[in-house]
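Undergrad: Following this line is data-v2.json, made up of JSON, C-alpha atoms:
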[["chain", "number", "residue", "atom", "x", "y", "z"],
["D", 84, "MET", "CA", 0.88, 6.17, 2.42],
["D", 85, "SER", "CA", -2.19, 5.20, 0.41],
["D", 86, "THR", "CA", -5.48, 6.74, 1.48],
["D", 87, "ARG", "CA", -7.60, 4.23, -0.44],
["D", 88, "ALA", "CA", -8.01, 0.80, 1.06],
["D", 89, "VAL", "CA", -6.96, -2.06, -1.22],
["D", 90, "PHE", "CA", -8.59, -4.63, 1.07],
["D", 91, "ALA", "CA", -11.94, -4.37, 2.79],
["D", 92, "PRO", "CA", -11.23, -3.83, 6.50],
["D", 93, "PRO", "CA", -12.96, -5.89, 9.17],
["D", 94, "PRO", "CA", -16.48, -4.65, 10.02],
["D", 95, "GLY", "CA", -16.31, -1.54, 12.17],
["D", 96, "ALA", "CA", -12.54, -1.17, 11.90],
["D", 97, "ARG", "CA", -10.79, 2.15, 11.32],
["D", 98, "VAL", "CA", -8.04, 2.36, 8.69],
["D", 99, "TYR", "CA", -5.72, 5.29, 9.35],
["D", 100, "PRO", "CA", -2.08, 6.39, 9.62],
["D", 101, "LEU", "CA", -0.83, 5.75, 13.15],
["D", 102, "ARG", "CA", 1.30, 8.80, 13.89],
["D", 103, "THR", "CA", 4.39, 8.07, 15.96],
["D", 104, "ALA", "CA", 7.67, 9.70, 16.90],
["D", 105, "ARG", "CA", 9.25, 7.70, 14.08],
["D", 106, "GLY", "CA", 6.76, 8.51, 11.35],
["D", 107, "GLU", "CA", 3.39, 7.20, 10.22],
["D", 108, "PHE", "CA", 2.42, 3.55, 9.92],
["D", 109, "ALA", "CA", -0.67, 2.25, 8.16],
["D", 110, "ALA", "CA", -2.97, 0.69, 10.73],
["D", 111, "VAL", "CA", -6.22, -1.24, 10.95],
["D", 112, "ASP", "CA", -7.77, -0.62, 14.36],
["D", 113, "SER", "CA", -10.80, -2.50, 15.71],
["D", 114, "ALA", "CA", -12.39, -1.32, 18.94],
["D", 115, "VAL", "CA", -14.18, -3.52, 21.42],
["D", 116, "PRO", "CA", -17.90, -3.48, 20.51],
["D", 117, "SER", "CA", -20.55, -1.90, 22.69],
["D", 118, "GLY", "CA", -21.74, -4.21, 25.40],
["D", 119, "VAL", "CA", -18.40, -6.07, 25.71],
["D", 120, "ALA", "CA", -16.14, -5.24, 28.65],
["D", 121, "PRO", "CA", -12.74, -3.99, 27.39],
["D", 122, "LYS", "CA", -9.83, -6.12, 28.60],
["D", 123, "GLY", "CA", -6.84, -4.77, 26.73],
["D", 124, "THR", "CA", -5.16, -3.86, 23.45],
["D", 125, "ALA", "CA", -3.15, -6.05, 21.09],
["D", 126, "LEU", "CA", -0.52, -4.82, 18.62],
["D", 127, "LEU", "CA", -0.08, -7.21, 15.68],
["D", 128, "LEU", "CA", 2.99, -7.27, 13.40],
["D", 129, "PRO", "CA", 2.91, -9.13, 10.05],
["D", 130, "GLY", "CA", 5.56, -11.30, 8.43],
["D", 131, "PHE", "CA", 7.83, -11.20, 5.40],
["D", 132, "THR", "CA", 5.97, -10.11, 2.21],
["D", 133, "GLY", "CA", 2.83, -9.82, 4.34],
["D", 134, "SER", "CA", 0.83, -6.91, 5.73],
["D", 135, "LYS", "CA", -1.64, -5.89, 8.39],
["D", 136, "GLU", "CA", -4.39, -7.57, 6.32],
["D", 137, "ASP", "CA", -2.99, -10.98, 7.23],
["D", 138, "PHE", "CA", -4.78, -10.53, 10.58],
["D", 139, "THR", "CA", -8.14, -9.46, 9.11],
["D", 140, "LEU", "CA", -9.96, -12.59, 10.24],
["D", 141, "LEU", "CA", -8.74, -12.22, 13.84],
["D", 142, "HIS", "CA", -10.27, -8.81, 14.50],
["D", 143, "GLU", "CA", -13.91, -9.76, 15.10],
["D", 144, "PRO", "CA", -13.32, -12.78, 17.36],
["D", 145, "LEU", "CA", -10.70, -10.92, 19.40],
["D", 146, "THR", "CA", -12.79, -7.79, 19.88],
["D", 147, "ALA", "CA", -15.72, -10.02, 20.85],
["D", 148, "ARG", "CA", -13.50, -11.31, 23.66],
["D", 149, "GLY", "CA", -12.78, -7.76, 24.83],
["D", 150, "TYR", "CA", -9.50, -6.98, 23.09],
["D", 151, "ARG", "CA", -8.92, -3.97, 20.86],
["D", 152, "VAL", "CA", -6.87, -5.04, 17.84],
["D", 153, "VAL", "CA", -4.34, -2.80, 16.08],
["D", 154, "ALA", "CA", -2.52, -4.35, 13.12],
["D", 155, "VAL", "CA", 0.17, -2.32, 11.38],
["D", 156, "ASP", "CA", 2.31, -2.38, 8.25],
["D", 157, "GLY", "CA", 5.95, -2.03, 9.14],
["D", 158, "ARG", "CA", 8.28, 0.50, 7.59],
["D", 159, "GLY", "CA", 8.40, 0.03, 3.80],
["D", 160, "GLN", "CA", 5.69, -2.64, 3.98],
["D", 161, "PHE", "CA", 2.56, -2.24, 1.79],
["D", 162, "GLU", "CA", 0.95, 1.06, 2.86],
["D", 163, "SER", "CA", 3.66, 2.29, 5.25],
["D", 164, "ASP", "CA", 6.27, 4.44, 3.57],
["D", 165, "GLY", "CA", 10.00, 3.85, 3.61],
["D", 166, "PRO", "CA", 13.14, 4.28, 1.50],
["D", 167, "GLU", "CA", 13.21, 2.49, -1.86],
["D", 168, "THR", "CA", 16.90, 1.61, -1.90],
["D", 169, "ASP", "CA", 18.44, 2.28, 1.52],
["D", 170, "GLU", "CA", 18.66, -1.12, 3.22],
["D", 171, "ALA", "CA", 20.18, 0.45, 6.36],
["D", 172, "ALA", "CA", 16.78, 1.98, 7.13],
["D", 173, "TYR", "CA", 15.47, -1.57, 7.63],
["D", 174, "ALA", "CA", 18.14, -2.81, 10.01],
["D", 175, "ARG", "CA", 16.66, -4.92, 12.79],
["D", 176, "GLY", "CA", 17.34, -2.23, 15.41],
["D", 177, "GLU", "CA", 15.57, 0.41, 13.33],
["D", 178, "LEU", "CA", 12.50, -1.78, 12.89],
["D", 179, "ALA", "CA", 12.52, -2.61, 16.60],
["D", 180, "ARG", "CA", 12.48, 1.08, 17.48],
["D", 181, "ASP", "CA", 9.53, 1.51, 15.11],
["D", 182, "VAL", "CA", 7.60, -1.06, 17.16],
["D", 183, "LEU", "CA", 8.39, 0.75, 20.40],
["D", 184, "ALA", "CA", 7.16, 3.99, 18.79],
["D", 185, "GLN", "CA", 3.94, 2.30, 17.66],
["D", 186, "ALA", "CA", 3.31, 1.00, 21.16],
["D", 187, "ALA", "CA", 4.00, 4.46, 22.61],
["D", 188, "ALA", "CA", 1.54, 6.03, 20.17],
["D", 189, "LEU", "CA", -1.21, 3.70, 21.38],
["D", 190, "ASP", "CA", -0.62, 5.15, 24.86],
["D", 191, "THR", "CA", -1.53, 1.98, 26.72],
["D", 192, "PRO", "CA", 0.31, -1.23, 27.60],
["D", 193, "VAL", "CA", -0.20, -3.77, 24.81],
["D", 194, "HIS", "CA", -0.14, -7.48, 24.17],
["D", 195, "LEU", "CA", 2.48, -7.84, 21.43],
["D", 196, "VAL", "CA", 1.94, -10.39, 18.64],
["D", 197, "GLY", "CA", 4.40, -11.02, 15.81],
["D", 198, "HIS", "CA", 3.90, -13.41, 12.90],
["D", 199, "SER", "CA", 7.02, -14.98, 11.37],
["D", 200, "LEU", "CA", 9.40, -12.10, 10.52],
["D", 201, "GLY", "CA", 7.15, -9.89, 12.64],
["D", 202, "GLY", "CA", 7.92, -12.13, 15.60],
["D", 203, "GLN", "CA", 11.64, -11.60, 15.20],
["D", 204, "ILE", "CA", 11.21, -7.84, 14.84],
["D", 205, "ALA", "CA", 8.97, -7.89, 17.93],
["D", 206, "ARG", "CA", 11.62, -9.89, 19.79],
["D", 207, "ALA", "CA", 14.20, -7.22, 18.99],
["D", 208, "ALA", "CA", 11.81, -4.57, 20.35],
["D", 209, "VAL", "CA", 11.23, -6.52, 23.56],
["D", 210, "LEU", "CA", 14.97, -6.93, 24.04],
["D", 211, "LEU", "CA", 15.41, -3.17, 23.69],
["D", 212, "ASP", "CA", 12.60, -2.27, 26.09],
["D", 213, "HIS", "CA", 9.94, -4.64, 27.41],
["D", 214, "SER", "CA", 8.12, -2.03, 29.50],
["D", 215, "PRO", "CA", 5.38, -1.15, 26.94],
["D", 216, "PHE", "CA", 4.26, -4.77, 26.71],
["D", 217, "LEU", "CA", 1.97, -6.94, 28.82],
["D", 218, "SER", "CA", 2.86, -10.15, 26.99],
["D", 219, "PHE", "CA", 4.56, -11.40, 23.84],
["D", 220, "THR", "CA", 3.19, -14.02, 21.44],
["D", 221, "LEU", "CA", 5.34, -15.43, 18.65],
["D", 222, "VAL", "CA", 3.16, -16.81, 15.85],
["D", 223, "SER", "CA", 5.05, -19.27, 13.61],
["D", 224, "SER", "CA", 8.26, -17.43, 14.43],
["D", 225, "GLY", "CA", 11.35, -19.40, 15.37],
["D", 226, "PRO", "CA", 14.49, -19.01, 17.45],
["D", 227, "ALA", "CA", 16.99, -18.17, 14.72],
["D", 228, "GLN", "CA", 17.36, -18.29, 10.92],
["D", 229, "ILE", "CA", 14.73, -19.87, 8.69],
["D", 230, "SER", "CA", 15.02, -23.39, 7.28],
["D", 231, "ASP", "CA", 17.43, -24.20, 4.45],
["D", 232, "SER", "CA", 14.58, -24.62, 1.95],
["D", 233, "GLN", "CA", 13.13, -21.22, 2.83],
["D", 234, "GLN", "CA", 16.57, -19.64, 2.68],
["D", 235, "GLN", "CA", 16.82, -20.85, -0.92],
["D", 236, "ARG", "CA", 13.49, -19.18, -1.73],
["D", 237, "VAL", "CA", 14.58, -15.93, -0.14],
["D", 238, "LYS", "CA", 17.86, -16.07, -2.07],
["D", 239, "LEU", "CA", 15.92, -16.49, -5.33],
["D", 240, "LEU", "CA", 13.84, -13.45, -4.42],
["D", 241, "ARG", "CA", 16.88, -11.38, -3.51],
["D", 242, "ASP", "CA", 18.59, -12.33, -6.78],
["D", 243, "ALA", "CA", 15.47, -11.45, -8.75],
["D", 244, "LEU", "CA", 15.11, -8.07, -7.06],
["D", 245, "GLY", "CA", 18.65, -7.27, -8.14],
["D", 246, "VAL", "CA", 17.78, -7.44, -11.86],
["D", 247, "MET", "CA", 13.98, -7.11, -12.11],
["D", 248, "THR", "CA", 11.28, -4.62, -11.18],
["D", 249, "MET", "CA", 8.76, -5.43, -8.49],
["D", 250, "ALA", "CA", 6.12, -6.03, -11.18],
["D", 251, "GLU", "CA", 8.42, -8.40, -13.06],
["D", 252, "VAL", "CA", 9.22, -10.30, -9.87],
["D", 253, "TRP", "CA", 5.50, -10.68, -9.16],
["D", 254, "ASP", "CA", 4.92, -12.14, -12.61],
["D", 255, "ALA", "CA", 7.80, -14.54, -12.02],
["D", 256, "ILE", "CA", 6.34, -15.60, -8.67],
["D", 257, "LEU", "CA", 3.00, -16.42, -10.29],
["D", 258, "ALA", "CA", 4.75, -18.39, -13.02],
["D", 259, "MET", "CA", 6.50, -20.53, -10.38],
["D", 260, "GLY", "CA", 3.37, -21.58, -8.50],
["D", 261, "PRO", "CA", 1.01, -20.45, -5.72],
["D", 262, "PRO", "CA", 2.48, -17.22, -4.25],
["D", 263, "GLU", "CA", 2.50, -18.50, -0.67],
["D", 264, "GLU", "CA", 4.64, -21.47, -1.72],
["D", 265, "VAL", "CA", 7.31, -19.55, -3.62],
["D", 266, "GLY", "CA", 8.07, -16.60, -1.38],
["D", 267, "GLY", "CA", 4.96, -14.53, -2.10],
["D", 268, "PRO", "CA", 2.22, -13.31, 0.25],
["D", 269, "ALA", "CA", 0.39, -15.61, 2.64],
["D", 270, "LYS", "CA", -2.67, -17.41, 1.38],
["D", 271, "GLY", "CA", -6.20, -16.75, 2.50],
["D", 272, "ILE", "CA", -6.36, -12.94, 2.48],
["D", 273, "GLY", "CA", -7.29, -11.22, -0.78],
["D", 274, "ASP", "CA", -7.53, -12.20, -4.43],
["D", 275, "ILE", "CA", -4.66, -12.15, -6.91],
["D", 276, "ALA", "CA", -5.28, -8.55, -7.97],
["D", 277, "GLN", "CA", -5.28, -7.38, -4.35],
["D", 278, "LEU", "CA", -2.17, -9.38, -3.53],
["D", 279, "ARG", "CA", -0.39, -7.91, -6.56],
["D", 280, "ARG", "CA", -1.19, -4.35, -5.42],
["D", 281, "ARG", "CA", 0.05, -5.19, -1.96],
["D", 282, "TRP", "CA", 3.24, -6.68, -3.38],
["D", 283, "LEU", "CA", 3.89, -3.54, -5.43],
["D", 284, "GLY", "CA", 3.49, -1.46, -2.27],
["D", 285, "ASN", "CA", 6.52, -3.08, -0.65],
["D", 286, "LYS", "CA", 9.82, -1.22, -0.90],
["D", 287, "PRO", "CA", 12.54, -3.35, -2.52],
["D", 288, "ALA", "CA", 15.10, -2.36, 0.11],
["D", 289, "GLN", "CA", 12.77, -3.59, 2.85],
["D", 290, "LEU", "CA", 12.44, -7.02, 1.20],
["D", 291, "LEU", "CA", 16.18, -7.24, 0.60],
["D", 292, "ALA", "CA", 17.13, -6.25, 4.14],
["D", 293, "THR", "CA", 14.55, -8.34, 5.98],
["D", 294, "GLY", "CA", 15.10, -11.32, 3.70],
["D", 295, "HIS", "CA", 18.80, -11.22, 4.59],
["D", 296, "GLN", "CA", 17.90, -10.97, 8.28],
["D", 297, "LEU", "CA", 15.68, -14.05, 8.09],
["D", 298, "CYS", "CA", 18.61, -16.01, 6.68],
["D", 299, "THR", "CA", 21.14, -14.83, 9.28],
["D", 300, "GLU", "CA", 19.12, -14.26, 12.48],
["D", 301, "PRO", "CA", 21.05, -15.50, 15.55],
["D", 302, "ASP", "CA", 19.47, -17.53, 18.33],
["D", 303, "LEU", "CA", 18.44, -15.00, 20.99],
["D", 304, "VAL", "CA", 16.07, -17.23, 22.96],
["D", 305, "GLY", "CA", 18.32, -17.16, 26.01],
["D", 306, "GLU", "CA", 18.29, -13.38, 26.08],
["D", 307, "LEU", "CA", 14.53, -13.28, 25.57],
["D", 308, "ALA", "CA", 13.93, -15.81, 28.34],
["D", 309, "ALA", "CA", 15.61, -13.41, 30.78],
["D", 310, "VAL", "CA", 12.96, -10.75, 30.06],
["D", 311, "PRO", "CA", 10.19, -10.66, 32.71],
["D", 312, "LEU", "CA", 7.22, -11.08, 30.35],
["D", 313, "PRO", "CA", 4.68, -13.86, 29.81],
["D", 314, "PHE", "CA", 5.44, -15.64, 26.52],
["D", 315, "HIS", "CA", 3.26, -17.62, 24.15],
["D", 316, "VAL", "CA", 4.48, -19.70, 21.19],
["D", 317, "LEU", "CA", 1.68, -20.39, 18.71],
["D", 318, "SER", "CA", 1.94, -22.21, 15.41],
["D", 319, "GLY", "CA", 0.17, -24.47, 12.98],
["D", 320, "ALA", "CA", 0.56, -28.23, 13.10],
["D", 321, "GLN", "CA", 2.97, -28.04, 10.16],
["D", 322, "ASP", "CA", 5.55, -25.43, 9.25],
["D", 323, "ASP", "CA", 8.37, -25.56, 6.71],
["D", 324, "THR", "CA", 9.82, -22.19, 7.71],
["D", 325, "TRP", "CA", 10.67, -23.26, 11.26],
["D", 326, "PRO", "CA", 9.91, -26.95, 11.92],
["D", 327, "VAL", "CA", 7.33, -27.49, 14.65],
["D", 328, "PRO", "CA", 9.74, -29.45, 16.93],
["D", 329, "LEU", "CA", 12.04, -26.41, 16.85],
["D", 330, "LEU", "CA", 9.13, -24.21, 17.99],
["D", 331, "ASP", "CA", 8.28, -26.76, 20.70],
["D", 332, "ASP", "CA", 11.85, -26.56, 22.00],
["D", 333, "MET", "CA", 11.81, -22.75, 21.89],
["D", 334, "ALA", "CA", 8.66, -22.71, 24.00],
["D", 335, "VAL", "CA", 10.34, -24.91, 26.61],
["D", 336, "ARG", "CA", 13.37, -22.63, 26.68],
["D", 337, "LEU", "CA", 11.11, -19.60, 27.14],
["D", 338, "ARG", "CA", 8.91, -21.36, 29.70],
["D", 339, "ALA", "CA", 6.12, -20.20, 27.41],
["D", 340, "ARG", "CA", 2.56, -21.24, 26.87],
["D", 341, "ARG", "CA", 2.51, -23.46, 23.76],
["D", 342, "THR", "CA", -0.39, -23.69, 21.31],
["D", 343, "VAL", "CA", -0.55, -25.81, 18.16],
["D", 344, "ILE", "CA", -3.48, -25.05, 15.85],
["D", 345, "PRO", "CA", -4.73, -28.19, 14.04],
["D", 346, "GLY", "CA", -5.29, -27.79, 10.31],
["D", 347, "ALA", "CA", -2.97, -24.79, 10.05],
["D", 348, "ASP", "CA", 0.44, -24.32, 8.46],
["D", 349, "HIS", "CA", 2.72, -21.27, 8.63],
["D", 350, "SER", "CA", -0.18, -18.77, 8.82],
["D", 351, "PRO", "CA", -2.68, -20.00, 11.43],
["D", 352, "ASN", "CA", -4.14, -16.47, 11.49],
["D", 353, "ALA", "CA", -5.35, -17.10, 7.91],
["D", 354, "ASP", "CA", -5.67, -20.90, 7.90],
["D", 355, "GLN", "CA", -7.64, -21.27, 11.15],
["D", 356, "PRO", "CA", -8.49, -17.76, 12.38],
["D", 357, "LEU", "CA", -11.17, -18.64, 14.94],
["D", 358, "PRO", "CA", -9.14, -21.15, 17.00],
["D", 359, "THR", "CA", -6.12, -18.88, 16.63],
["D", 360, "ALA", "CA", -8.07, -15.90, 18.01],
["D", 361, "HIS", "CA", -9.44, -17.99, 20.87],
["D", 362, "ALA", "CA", -5.94, -19.24, 21.73],
["D", 363, "LEU", "CA", -4.64, -15.67, 21.87],
["D", 364, "ALA", "CA", -7.55, -14.43, 23.99],
["D", 365, "ASP", "CA", -7.37, -17.46, 26.29],
["D", 366, "PHE", "CA", -3.69, -16.67, 26.94],
["D", 367, "TRP", "CA", -4.36, -13.02, 27.63],
["D", 368, "ASP", "CA", -7.30, -13.87, 29.87],
["D", 369, "THR", "CA", -5.06, -16.00, 32.10],
["D", 370, "LEU", "CA", -2.84, -12.97, 32.69],
["D", 371, "ASP", "CA", -5.73, -11.04, 34.19],
["D", 372, "ARG", "CA", -6.45, -13.70, 36.75]]
As a first step, turn the structure in this file into structure tokens.
TA:
Amino acid sequence: MSTRAVFAPPPGARVYPLRTARGEFAAVDSAVPSGVAPKGTALLLPGFTGSKEDFTLLHEPLTARGYRVVAVDGRGQFESDGPETDEAAYARGELARDVLAQAAALDTPVHLVGHSLGGQIARAAVLLDHSPFLSFTLVSSGPAQISDSQQQRVKLLRDALGVMTMAEVWDAILAMGPPEEVGGPAKGIGDIAQLRRRWLGNKPAQLLATGHQLCTEPDLVGELAAVPLPFHVLSGAQDDTWPVPLLDDMAVRLRARRTVIPGADHSPNADQPLPTAHALADFWDTLDR
């Protein structure tokens, strides 16, 4: 795990290795500021090709509302270590157990938030054991596999990783267009040099395994709906990874709170961080009443 931050953390945040029973995970941890009554802790999981930095702009508004924010890199993701070539280490069940270990290490019940792939990993964790969680918010994360167009992009990435180095794949991504539109990192957080360093931190086996999972994920909404947790489905007004009507339907099936963030696409946490943070905190606040 790197000890030198590639991205500037949010003001006042700690960047450290979160030590768990399943190893260390790079974390950015923002405490509630002095003078604000603490209300709870949120554990945030990033999406495919992303990292904990995708939530950078949420930390200050959430801590101002009384919520400690802990964002983590998953196994083999950016600054969290993992095997280079062993895809079995990134099976959905393994990643779900990592999330349960992260929650246990925080030693307090948490509001669980997963963006995109992170939402599906979080769902697997909740289905294994919901007891560490106070609530579960899926951010731009759908009921099953990703859209056909996104599956084609993931297939291109998987094919490229089979014959190219990570650096060569990054150069190919840039040649194809804006990274966020061709399977690269989300827009809005970091410049190109920072995003390249983050990309190179990912383990190829992690990208291969999770990319395959995104293309084959079964619909587990029925199983999730049977879990006694409050649910929240949050997304932008547009999304080409899981169409918004599909997310609307999932929210109905989960009997979940539904939030659509105007002016945001697949990454409302980066596109419209302030209304996204307020929507999260508003949801959590209702659970305290």
Undergrad: Quick one: pull the distance between atom CA of Lys286 of chain D and atom CA of Gln203 of chain D, Å, one decimal.
TA: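 Separation between atom CA of Lys286 of chain D and atom CA of Gln203 of chain D: 19.2 Å.
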Undergrad: If you count all atoms listed in the file, which residues fall within 9 Å of Leu140 of chain D, apart from same-chain ones fewer than 6 positions away, as a ChimeraX atom specification?
TA: /D:93,272,352-353,356-357,360
Undergrad: Taking into account all atoms listed in the file, which residue in the set D:Glu177, D:Leu330, D:Gly294, D:Ala276 is nearest to Gln235 of chain D?
TA: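 Distance minimum relative to Gln235 of chain D lands on D:Gly294.
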Undergrad: With a distance cut-off of 8 Å and all atoms listed in the file, select the neighbouring residues of Lys135 of chain D, excluding the residue or stretch itself and same-chain residues fewer than 4 positions from it, and output the selection as a PyMOL selection string.
TA: chain D and resi 110-111+127-129+139+154-156
Undergrad: Just checking: using only C-alpha atoms, which residue out of D:Arg206, D:Arg281, D:Arg158, D:His213 ends up closest to Val89 of chain D?
TA: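 Result for the nearest residue to Val89 of chain D: D:Arg281.
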Undergrad: Calculated over all atoms listed in the file, which of the candidates D:Ala334, D:Val222, D:Leu217, D:Val246 has the smallest distance to Asp371 of chain D?
TA: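 For Asp371 of chain D, the nearest of the candidates is D:Leu217.
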Undergrad: Grab the atom CA of Pro326 of chain D to atom CA of Ser230 of chain D distance for me, in Å with one decimal place.
TA: 7.8 Å
Undergrad: Compile a residue-level contact table for segment 147-211 of chain D against segment 99-102 of chain D at a cut-off of 10 Å, reporting for every qualifying residue the shortest atom pair and its distance in Å to one decimal, with all atoms listed in the file counted, rows ordered by chain and ascending number, as a tab-separated table.
TA:
residue	atom	partner	partner_atom	distance
D:Val153	CA	D:Leu101	CA	9.7
D:Val155	CA	D:Leu101	CA	8.3
D:Asp156	CA	D:Pro100	CA	9.9
D:Glu162	CA	D:Pro100	CA	9.1
D:Ser163	CA	D:Pro100	CA	8.3
D:Ala184	CA	D:Arg102	CA	9.0
D:Gln185	CA	D:Leu101	CA	7.4
D:Ala188	CA	D:Arg102	CA	6.9
D:Leu189	CA	D:Leu101	CA	8.5
Undergrad: Could you tell me how far atom CA of Ala364 of chain D lies from atom CA of Tyr150 of chain D, in Å and to one decimal?
TA: 7.8 Å
Undergrad: Pick out the closest residue to Gln296 of chain D from this set: D:Thr220, D:His361, D:Asp322, D:Ile204. Count only C-alpha atoms.
TA: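 Smallest separation from Gln296 of chain D among the options: D:Ile204.
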Undergrad: Output as AutoDock Vina command-line options the centre and edge lengths (Å, one decimal) of the box along x, y and z of the file that holds every listed atom of segment 353-362 of chain D after adding 8 Å on each side.
TA:
--center_x -8.3 --center_y -18.6 --center_z 14.8 --size_x 21.8 --size_y 21.4 --size_z 29.8
Undergrad: Show me, as a list of chain:residue names, the residues that have an atom within 10 Å of Ala172 of chain D when counting only C-alpha atoms, minus same-chain residues fewer than 3 positions from it.
TA: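 Within the cut-off, the hits are D:Arg158, D:Gly159, D:Gly165, D:Pro166, D:Glu167, D:Thr168, D:Asp169, D:Arg175, D:Gly176, D:Glu177, D:Leu178, D:Ala288, D:Gln289, D:Ala292.
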Undergrad: For Trp253 of chain D, which residue among D:Gln233, D:Ser224, D:Gly273, D:Thr132 is the nearest when counting only C-alpha atoms?
TA: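 Of D:Gln233, D:Ser224, D:Gly273, D:Thr132, the one nearest Trp253 of chain D, counting only C-alpha atoms, is D:Thr132.
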Undergrad: Return the single residue from D:Ala243, D:Leu141, D:Phe90, D:Ala120 that is closest to Pro351 of chain D, with distances computed using all atoms listed in the file.
TA: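 Counting all atoms listed in the file, the residue closest to Pro351 of chain D is D:Leu141.
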Undergrad: Have segment 99-110 of chain D completed to N, CA, C and O atoms, please, and pass it along as a PDB file, in the frame of the given file.
TA:
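So result12.pdb came out as:
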ATOM      1  N   TYR D  99      -6.261   3.938   9.216  1.00  0.00           N
ATOM      2  CA  TYR D  99      -5.720   5.290   9.350  1.00  0.00           C
ATOM      3  C   TYR D  99      -4.204   5.207   9.519  1.00  0.00           C
ATOM      4  O   TYR D  99      -3.653   4.143   9.832  1.00  0.00           O
ATOM      5  N   PRO D 100      -3.510   6.346   9.340  1.00  0.00           N
ATOM      6  CA  PRO D 100      -2.080   6.390   9.620  1.00  0.00           C
ATOM      7  C   PRO D 100      -1.832   6.591  11.118  1.00  0.00           C
ATOM      8  O   PRO D 100      -2.243   7.611  11.685  1.00  0.00           O
ATOM      9  N   LEU D 101      -1.201   5.626  11.740  1.00  0.00           N
ATOM     10  CA  LEU D 101      -0.830   5.750  13.150  1.00  0.00           C
ATOM     11  C   LEU D 101       0.390   6.652  13.225  1.00  0.00           C
ATOM     12  O   LEU D 101       1.472   6.314  12.734  1.00  0.00           O
ATOM     13  N   ARG D 102       0.228   7.815  13.821  1.00  0.00           N
ATOM     14  CA  ARG D 102       1.300   8.800  13.890  1.00  0.00           C
ATOM     15  C   ARG D 102       2.165   8.532  15.126  1.00  0.00           C
ATOM     16  O   ARG D 102       1.663   8.465  16.245  1.00  0.00           O
ATOM     17  N   THR D 103       3.452   8.381  14.890  1.00  0.00           N
ATOM     18  CA  THR D 103       4.390   8.070  15.960  1.00  0.00           C
ATOM     19  C   THR D 103       5.580   9.015  15.899  1.00  0.00           C
ATOM     20  O   THR D 103       5.736   9.781  14.949  1.00  0.00           O
ATOM     21  N   ALA D 104       6.449   8.900  16.888  1.00  0.00           N
ATOM     22  CA  ALA D 104       7.670   9.700  16.900  1.00  0.00           C
ATOM     23  C   ALA D 104       8.637   9.294  15.799  1.00  0.00           C
ATOM     24  O   ALA D 104       9.603  10.012  15.528  1.00  0.00           O
ATOM     25  N   ARG D 105       8.382   8.173  15.155  1.00  0.00           N
ATOM     26  CA  ARG D 105       9.250   7.700  14.080  1.00  0.00           C
ATOM     27  C   ARG D 105       8.519   7.650  12.741  1.00  0.00           C
ATOM     28  O   ARG D 105       8.908   6.904  11.841  1.00  0.00           O
ATOM     29  N   GLY D 106       7.483   8.455  12.604  1.00  0.00           N
ATOM     30  CA  GLY D 106       6.760   8.510  11.350  1.00  0.00           C
ATOM     31  C   GLY D 106       5.389   7.860  11.435  1.00  0.00           C
ATOM     32  O   GLY D 106       4.933   7.459  12.510  1.00  0.00           O
ATOM     33  N   GLU D 107       4.735   7.767  10.288  1.00  0.00           N
ATOM     34  CA  GLU D 107       3.390   7.200  10.220  1.00  0.00           C
ATOM     35  C   GLU D 107       3.435   5.754   9.730  1.00  0.00           C
ATOM     36  O   GLU D 107       4.238   5.400   8.864  1.00  0.00           O
ATOM     37  N   PHE D 108       2.534   4.954  10.295  1.00  0.00           N
ATOM     38  CA  PHE D 108       2.420   3.550   9.920  1.00  0.00           C
ATOM     39  C   PHE D 108       0.953   3.231   9.647  1.00  0.00           C
ATOM     40  O   PHE D 108       0.086   3.555  10.458  1.00  0.00           O
ATOM     41  N   ALA D 109       0.700   2.608   8.504  1.00  0.00           N
ATOM     42  CA  ALA D 109      -0.670   2.250   8.160  1.00  0.00           C
ATOM     43  C   ALA D 109      -1.212   1.243   9.165  1.00  0.00           C
ATOM     44  O   ALA D 109      -0.552   0.244   9.480  1.00  0.00           O
ATOM     45  N   ALA D 110      -2.407   1.518   9.672  1.00  0.00           N
ATOM     46  CA  ALA D 110      -2.970   0.690  10.730  1.00  0.00           C
ATOM     47  C   ALA D 110      -4.421   0.342  10.441  1.00  0.00           C
ATOM     48  O   ALA D 110      -5.155   1.117   9.812  1.00  0.00           O
TER      49      ALA D 110
END
